[in-house]
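So the structure is just underneath, and the comments pick up after that.
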Amino acid sequence: MPTCPTARRIAPRAALSCLAAAVLAALPGPAAAQFTSGNRDVLTANTGAWPAGGVSLGGTTFVNLGLQGVGRIAANATDPATGETLGSISDMQITGFTSNGNGTWSGTFHFLPDRGYNSGATFSNYAARVNTFSFTFTPYTGAAPAAGQNQIAMSFTGSTRFTYDHDANPLTAPVYTTGLLANGTAALFGTTVPVVTGATTQSDGTVTNRLTLDTEGLVLDNRAGKAGTGWVSDEYGAYIYRFDAGKRLTGQVQLPAALVPHAPVGTVNFAADANLNGRRTNQGLEGLAQSPSGNRLFALEQSATLQDSGSGNVGRSNTRLMVFDVSGSDTPAGPAAQYVIQLPRVDDNGGTPAVNRTAAQSAIVALNDHQLLILSRDGNGRGAAGSPVFKSILLADLNGATPLAGFDAEGAAVAPGGVLNANVTPIQWTEALNLLGKLGTNPASELSRFGLNLNTAPGDINTLSEKWEALSLVPVGDGSGQYFLFVGNDNDFMSQTGSLIDAAGNLVSYNAGLENDTMVLAFRVAAVPEPETYALLLAGLGVVGALARRRSRRPA
């Protein structure tokens with residue numbers, strides 16, 4: 001291992017480079033990832049062994065040190081403020097994460113549910129909100145099966161519903177949003193937004209043309225003086241809204257017309273399956289993240305726009321990432337840059353053609369100003385048909401990708417018919433963490449150590465959920481320079497004893513046919529960025545010894 005001179009004998013820049021070399025030398029040589037942006041077709045279930053040495057891309061080495069905890073919340077849990085079924089996690093943020101000094105950690109989860117229960121013609125009059133849970137995390141690192149799924153112990157502490165000014169009158173109280181299906185439009189924040197026409201009733205009274213939100217991405221602003229404020233992304237409009245510390249919507253980040261749905265041409269239209277271009281129904285801005293510097297906001301479509309799609313589900317893989325500069329404004333008038341990422345394609349039913357589905361992305365985390373973690377998954381698991389085939393976290397690097405120019409107008413296609421423009425280089429990525437696989441030489445999957453399975457014929461309460469849609473990365477804070485990566489599922493409000501509020505404001509019961517609990521997984525990981533980053537200076541000193549100790553303790 002290289003020996004670095006003392007801090008008094010070496011310049012800071014050289015010290016960072018030397019430190020990076022020492023950290024990377026302590027890691028086992030990274031094996032090639034099973035799937036990358038150049039090898040993205042998943043033909044069989046991705047359940048094999050994962051390299052213990054991790055993977056590298058763009059100067060960053062990412063190592064999965066293993067699943068260390070699971071927590072769950074009963075599917076029929078309710079929000080005492082409204083009586084509605086609590087629902088689950090379309091995105092999450094963590095605040096106050098700290099070591100308790102006794103092998104446990106504590107913090108607060110901020111969970112973002114989506115639009116409430118919906119099935120067929122049934123949609124909930126569900127006000128978009130943030131649910132908070134205090135939690136304690138006790139990692140389990142033993143080789144034997146864990147005694148339970150209680151390593152992440154969560155306690156519900158309340159919900160805060162988003163509000164907005166619906167009548168441009170500061171003298172009237174703001175009102176809540178709804179999850180009812182968008183079937184009309186209204187003007188708000190200088191744009192055309194989706195609403196449900198007619199009158200709807202909640203605890204704020206009866207409101208006409210209430211704003212509809214299907215919330216999918218949550219960011220709590222990490223900049224000084226901005227505590228409690230942030231951004232939330234919406235799938236109905238493919239929009240991003242700014243909110244204040246009281247969760248009141250105060251503005252909107254502007255998107256290119258190419259992402260906004262239209263029908264007929266030239267007319268904004270949010271009605272399901274009516275649009276001719278722009279975001280696909282239920283495939284809006286699923287990923288939202290802020291860079292650690294605080295200056296960049298990343299927004300990623302779940303899959304390709306209609307005009308960038310080919311035939312079938314597998315033709316949706318060319319999706320767009322937008323990068324907004326928020327250093328000067330919390331609601332910039334457009335993206336500073338836009339890129340294409342080609343998502344994995346999977347065979348999720350063992351049929352023909354060999355690949356039949358895009359592994360759409362469901363959450364993102366920014367490691368720095370140009371690298372992201374992206375949660376990409378199939379649609380199989382508890383709550384849907386078929387056993388899981390691919391649910392992985394990708395490490396993506398914007399450096400080297402082509403910034404898009406000339407593709408912002410309504411209907412502008414960078415991948416007409418699903419074929420990417422030959423002049424556009426997409427974002428590179430490599431698979432960094434496989435939720436379904438084994439780690440190193442371990443004979444059993446990480447999931448099975450915690451009593452989870454991939455069975456769906458028939459499944460049970462421990463079958464891995466279909467939709468994993470939330471990511472949050474927090475430093476361990478024990479001097480190791482490592483992180484805990486928390487991953488949450490969206491249970492689609494599935495309960496046999498569920499409750500929802502209808503359009504008239506009545507609390508009514510429903511039966512979704514099964515119990516699909518809210519679940520959180522916690523992985524311990526190491527992410528060593530390129531030598532120039534400030535994060536390395538803070539984190540790298542403890543990585544070398546900690547990784548060596550971790551591997552020596554972990555059974556083969």
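Ligands are numbered from 1 in the order shown, chains are lettered A, B, ... in the order of the structure tokens, and residues start at 1 in each chain.
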
Write out as number ranges by chain which residues come within 7 Å of A:Ser124 when counting only C-alpha atoms, dropping same-chain ones fewer than 2 positions away.
-> A: 116-118, 122, 126, 179-180, 500-502

Identify all residues of stretch 206-246 of chain A in strand (DSSP E) (DSSP on the backbone) and supply them as a count of residues only.
-> 22

At a cut-off of 7 Å, using only C-alpha atoms, what residues contact stretch 184-201 of chain A? Leave out same-chain residues fewer than 3 positions from it and give the result as a PDB file with C-alpha atoms, in the first residue's frame.
```pdb
ATOM      1  CA  LEU A 180     -57.915  11.903  -7.957  1.00  0.00           C
ATOM      2  CA  LEU A 181     -57.270  11.297 -11.638  1.00  0.00           C
ATOM      3  CA  GLY A 205     -63.844  22.163   2.828  1.00  0.00           C
ATOM      4  CA  THR A 206     -65.134  21.885  -0.724  1.00  0.00           C
ATOM      5  CA  VAL A 207     -62.851  23.123  -3.499  1.00  0.00           C
ATOM      6  CA  THR A 208     -63.481  23.379  -7.234  1.00  0.00           C
ATOM      7  CA  ASN A 209     -60.781  22.322  -9.699  1.00  0.00           C
ATOM      8  CA  ARG A 210     -58.412  21.027  -7.024  1.00  0.00           C
ATOM      9  CA  LEU A 211     -54.757  20.509  -8.005  1.00  0.00           C
ATOM     10  CA  THR A 212     -53.900  16.836  -8.544  1.00  0.00           C
ATOM     11  CA  TYR A 236     -49.504  13.753 -13.370  1.00  0.00           C
ATOM     12  CA  GLY A 237     -47.864  16.843 -14.789  1.00  0.00           C
ATOM     13  CA  GLY A 251     -43.437  27.874  -7.156  1.00  0.00           C
ATOM     14  CA  GLN A 252     -42.547  25.573  -9.992  1.00  0.00           C
ATOM     15  CA  PHE A 270     -53.051  15.531 -18.593  1.00  0.00           C
ATOM     16  CA  ALA A 503     -64.382  12.803  -3.766  1.00  0.00           C
ATOM     17  CA  ALA A 504     -67.259  13.775  -1.471  1.00  0.00           C
ATOM     18  CA  GLY A 505     -65.006  13.651   1.593  1.00  0.00           C
TER      19      GLY A 505
END
```

Nearest-residue call for A:Leu373, choices A:Asn76, A:Gln290, A:Asn421, A:Ser448, using only C-alpha atoms = A:Gln290

Please indicate the distance in Å from atom CA of A:Leu435 to atom CA of A:Gly498, rounded to one decimal place.
-> 28.8 Å

Polymer residues at most 10 Å from A:Ala412, only C-alpha atoms, same-chain spacing of 3 or more positions, as a list in words =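 Once the nearby chain positions are removed, what remains is Pro256, Ala257, Ala258, Leu259, Asn277, Gly278, Thr305, Gln307, Asp308, Gly406, Phe407, Asp408, Ala409, Ala415 and Pro416 of chain A.
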